[in-house]
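Notes follow the structure.
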Amino acid sequence: MLKITLTTFFTLLVSFSISSAEPYGSHASERWQIWAYTSAAPSFIGDHATVIGASGKVIREGTNGWRCEPFMPMPERGFKDAHSSVAACSDKNAIAWADAYKANQTPQLEADGWIWMIHGDLGVDNFIPYTDAQKDAGHKHFIESGAHIMLMPKDPSSLDGQSTDYTTGAPYVMFAGTPYVHLMIPLEGYYDYQPESGPK
């Protein structure tokens with residue numbers, strides 16, 4: 001049973017080192033995609049991860065078991081920036097979670113999984129799956145996230161009783177009561193895209 005005490009679960013004083021500067025040129029190029037997706041994690045993970053392009057094909061094989069990819073479809077002329085791509089780097093178990101979410105299936109994990117999203121995402125209603133990037137749809141609990149890590153539990157019930165309040169800066173539960181429940185762990189810059197939701 002996973003036991004989490006929010007005050008001690010993570011004291012994240014993380015120093016992020018993006019592996020290289022953003023490359024010049026088209027944001028649809030493989031070079032830019034590799035930079036954008038792998039820099040969703042620290043360089044010691046992203047530099048050795050497999051990279052899936054917006055087409056769904058592998059554009060670089062990795063060696064460490066992690067997978068970096070966009071969680072949004074690419075516009076015709078490429079993504080505006082890395083944040084718009086909703087880039088994520090997932091370990092083996094989180095890959096299974098992500099694949100299940102994309103397929104509208106129940107995740108089956110061998111162990112807890114982890115996802116890095118240093119570029120953040122385009123937002124979702126904290127209680128309703130599949131509301132991704134629907135900022136203007138009138139959702140009551142919409143949060144557009146900056147940098148964060150996600151814990152995808154093998155046993156969803158392990159997160160029972162954890163807070164769903166995304167306004168405190170502490171780790172919180174997203175999609176409670178659904179097969180896609182997971183723990184959001186805000187990092188520095190988490191409220192950059194929605195400062196009105198940050199701690200007061």
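Residue numbering restarts at 1 in every chain; chains get A, B, ... in the order shown in the structure tokens, and ligands count up from 1 in that same order.
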
I'd like the neighbourhood of Glu69 of chain A as a list of chain:residue names, where a residue qualifies if any of its atoms comes within 8 Å (using only C-alpha atoms), though same-chain residues fewer than 5 positions away should be ignored.
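The contact residues come out as A:Tyr37, A:Thr38, A:Val51, A:Ile52, A:Gly53, A:Ala54, A:Ala87, A:Ala88, A:Cys89.
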
What's the 8 Å shell around Thr167 of chain A, counting only C-alpha atoms, without same-chain residues fewer than 5 positions away, as a list in words?
Ser197, Gly198 and Pro199 of chain A

Report as number ranges by chain: the residues of chain A with a DSSP assignment of helix (DSSP H, G or I), based on the backbone of this structure.
A: 30-38, 43-46, 82-85, 92-102, 156-159, 195-197

Taking N, CA and C atoms for each residue, export the selection above as an mmCIF file, in the first residue's frame.
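For reference, part.cif as written:
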data_model
loop_
_atom_site.group_PDB
_atom_site.id
_atom_site.type_symbol
_atom_site.label_atom_id
_atom_site.label_comp_id
_atom_site.auth_asym_id
_atom_site.auth_seq_id
_atom_site.Cartn_x
_atom_site.Cartn_y
_atom_site.Cartn_z
ATOM 1 N N GLU A 30 12.213 17.119 -37.010
ATOM 2 C CA GLU A 30 12.576 16.100 -36.028
ATOM 3 C C GLU A 30 13.546 16.663 -35.000
ATOM 4 N N ARG A 31 14.441 17.526 -35.413
ATOM 5 C CA ARG A 31 15.421 18.111 -34.486
ATOM 6 C C ARG A 31 14.704 18.901 -33.395
ATOM 7 N N TRP A 32 13.733 19.738 -33.809
ATOM 8 C CA TRP A 32 13.006 20.528 -32.809
ATOM 9 C C TRP A 32 12.160 19.624 -31.920
ATOM 10 N N GLN A 33 11.523 18.633 -32.519
ATOM 11 C CA GLN A 33 10.692 17.729 -31.725
ATOM 12 C C GLN A 33 11.509 16.989 -30.671
ATOM 13 N N ILE A 34 12.668 16.506 -31.042
ATOM 14 C CA ILE A 34 13.521 15.809 -30.075
ATOM 15 C C ILE A 34 13.865 16.741 -28.922
ATOM 16 N N TRP A 35 14.219 17.986 -29.237
ATOM 17 C CA TRP A 35 14.533 18.948 -28.176
ATOM 18 C C TRP A 35 13.314 19.199 -27.280
ATOM 19 N N ALA A 36 12.167 19.473 -27.896
ATOM 20 C CA ALA A 36 10.977 19.853 -27.131
ATOM 21 C C ALA A 36 10.496 18.732 -26.220
ATOM 22 N N TYR A 37 10.458 17.523 -26.728
ATOM 23 C CA TYR A 37 9.894 16.416 -25.952
ATOM 24 C C TYR A 37 10.861 15.931 -24.881
ATOM 25 N N THR A 38 12.154 15.826 -25.224
ATOM 26 C CA THR A 38 13.106 15.321 -24.229
ATOM 27 C C THR A 38 13.357 16.327 -23.113
ATOM 28 N N SER A 43 17.779 16.514 -18.141
ATOM 29 C CA SER A 43 18.608 16.004 -19.227
ATOM 30 C C SER A 43 19.132 14.597 -18.964
ATOM 31 N N PHE A 44 19.355 14.245 -17.691
ATOM 32 C CA PHE A 44 19.878 12.907 -17.419
ATOM 33 C C PHE A 44 18.847 11.817 -17.721
ATOM 34 N N ILE A 45 17.595 12.196 -17.919
ATOM 35 C CA ILE A 45 16.571 11.257 -18.391
ATOM 36 C C ILE A 45 16.301 11.480 -19.871
ATOM 37 N N GLY A 46 15.997 12.728 -20.239
ATOM 38 C CA GLY A 46 15.610 13.017 -21.612
ATOM 39 C C GLY A 46 16.669 12.705 -22.646
ATOM 40 N N ALA A 82 7.142 24.504 -26.923
ATOM 41 C CA ALA A 82 7.165 23.196 -26.262
ATOM 42 C C ALA A 82 5.958 23.017 -25.351
ATOM 43 N N HIS A 83 5.522 24.087 -24.696
ATOM 44 C CA HIS A 83 4.338 24.009 -23.829
ATOM 45 C C HIS A 83 3.118 23.553 -24.616
ATOM 46 N N SER A 84 2.968 24.056 -25.829
ATOM 47 C CA SER A 84 1.806 23.706 -26.653
ATOM 48 C C SER A 84 1.786 22.243 -27.069
ATOM 49 N N SER A 85 2.949 21.617 -27.069
ATOM 50 C CA SER A 85 3.017 20.205 -27.452
ATOM 51 C C SER A 85 2.565 19.276 -26.330
ATOM 52 N N LYS A 92 8.407 3.101 -17.826
ATOM 53 C CA LYS A 92 7.711 1.956 -18.414
ATOM 54 C C LYS A 92 6.266 1.850 -17.958
ATOM 55 N N ASN A 93 6.035 1.998 -16.674
ATOM 56 C CA ASN A 93 4.677 1.848 -16.166
ATOM 57 C C ASN A 93 3.790 3.026 -16.550
ATOM 58 N N ALA A 94 4.347 4.217 -16.573
ATOM 59 C CA ALA A 94 3.563 5.370 -16.995
ATOM 60 C C ALA A 94 3.252 5.308 -18.488
ATOM 61 N N ILE A 95 4.129 4.686 -19.278
ATOM 62 C CA ILE A 95 3.819 4.473 -20.699
ATOM 63 C C ILE A 95 2.544 3.655 -20.830
ATOM 64 N N ALA A 96 2.410 2.622 -20.002
ATOM 65 C CA ALA A 96 1.197 1.797 -20.037
ATOM 66 C C ALA A 96 -0.025 2.631 -19.665
ATOM 67 N N TRP A 97 0.137 3.532 -18.693
ATOM 68 C CA TRP A 97 -0.960 4.416 -18.296
ATOM 69 C C TRP A 97 -1.343 5.339 -19.453
ATOM 70 N N ALA A 98 -0.340 5.963 -20.065
ATOM 71 C CA ALA A 98 -0.600 6.906 -21.156
ATOM 72 C C ALA A 98 -1.260 6.216 -22.338
ATOM 73 N N ASP A 99 -0.789 5.029 -22.676
ATOM 74 C CA ASP A 99 -1.386 4.291 -23.794
ATOM 75 C C ASP A 99 -2.845 3.946 -23.501
ATOM 76 N N ALA A 100 -3.138 3.581 -22.256
ATOM 77 C CA ALA A 100 -4.516 3.255 -21.878
ATOM 78 C C ALA A 100 -5.400 4.500 -21.939
ATOM 79 N N TYR A 101 -4.884 5.629 -21.472
ATOM 80 C CA TYR A 101 -5.660 6.871 -21.505
ATOM 81 C C TYR A 101 -5.995 7.251 -22.948
ATOM 82 N N LYS A 102 -5.006 7.167 -23.824
ATOM 83 C CA LYS A 102 -5.237 7.509 -25.232
ATOM 84 C C LYS A 102 -6.272 6.592 -25.873
ATOM 85 N N PRO A 156 -5.144 2.420 -7.791
ATOM 86 C CA PRO A 156 -5.781 3.734 -7.661
ATOM 87 C C PRO A 156 -6.266 4.047 -6.250
ATOM 88 N N SER A 157 -6.643 3.020 -5.491
ATOM 89 C CA SER A 157 -7.150 3.265 -4.140
ATOM 90 C C SER A 157 -6.069 3.775 -3.194
ATOM 91 N N SER A 158 -4.799 3.647 -3.590
ATOM 92 C CA SER A 158 -3.712 4.140 -2.748
ATOM 93 C C SER A 158 -3.760 5.660 -2.597
ATOM 94 N N LEU A 159 -4.492 6.336 -3.477
ATOM 95 C CA LEU A 159 -4.605 7.785 -3.397
ATOM 96 C C LEU A 159 -5.884 8.229 -2.694
ATOM 97 N N PRO A 195 -1.978 31.972 -12.956
ATOM 98 C CA PRO A 195 -1.557 32.481 -11.643
ATOM 99 C C PRO A 195 -2.706 32.703 -10.667
ATOM 100 N N GLU A 196 -3.905 32.907 -11.173
ATOM 101 C CA GLU A 196 -5.035 33.137 -10.279
ATOM 102 C C GLU A 196 -5.380 31.900 -9.448
ATOM 103 N N SER A 197 -4.876 30.732 -9.843
ATOM 104 C CA SER A 197 -5.147 29.499 -9.093
ATOM 105 C C SER A 197 -4.063 29.179 -8.078
#

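For the pair atom CA of Gly62 of chain A and atom CA of Asn104 of chain A, the interatomic distance is 26.8 Å.
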
Could you go through segment 13-188 of chain A and tell me which residues DSSP, when run on the backbone, assigns to strand (DSSP E), listing them as a PyMOL selection string?
chain A and resi 50-52+58-60+67-70+87-90+113-117+124-125+142-143+148-152+172-174+182-186

Counting only C-alpha atoms, which residues in segment 95-131 of chain A sit no more than 8 Å from segment 175-179 of chain A? For each one, give the nearest pair of atoms and the distance in Å, sorted by chain then residue number, as CSV.
residue,atom,partner,partner_atom,distance
A:Thr106,CA,A:Pro179,CA,5.8
A:Pro107,CA,A:Pro179,CA,7.0
A:Asn126,CA,A:Phe175,CA,5.8
A:Phe127,CA,A:Phe175,CA,4.5
A:Ile128,CA,A:Phe175,CA,6.0
A:Pro129,CA,A:Phe175,CA,6.3

Go ahead and save the picked residues with N, CA and C atoms, as a compact mmCIF listing (two decimals), in the first residue's frame.
# COMPACT_ATOMS: atom_id res chain seq x y z
N THR A 106 -8.85 1.00 -19.34
CA THR A 106 -8.40 1.04 -17.95
C THR A 106 -6.91 0.71 -17.87
N PRO A 107 -6.11 1.56 -17.25
CA PRO A 107 -4.67 1.28 -17.16
C PRO A 107 -4.39 0.02 -16.34
N ASN A 126 -9.92 19.25 -13.38
CA ASN A 126 -9.27 18.36 -12.42
C ASN A 126 -10.07 17.11 -12.10
N PHE A 127 -11.36 17.11 -12.41
CA PHE A 127 -12.20 15.98 -12.06
C PHE A 127 -12.77 15.23 -13.26
N ILE A 128 -12.49 15.71 -14.48
CA ILE A 128 -13.12 15.14 -15.66
C ILE A 128 -12.07 14.77 -16.70
N PRO A 129 -11.79 13.48 -16.90
CA PRO A 129 -10.86 13.08 -17.95
C PRO A 129 -11.35 13.51 -19.34

Env of Asp165 of chain A: 10 Å cut, atoms = only C-alpha atoms, seq-sep filter 5 positions within chain, self excluded. Answer as a count of residues only.
7

Between atom CA of His148 of chain A and atom CA of His119 of chain A, what is the distance, to one decimal in Å?
8.1 Å
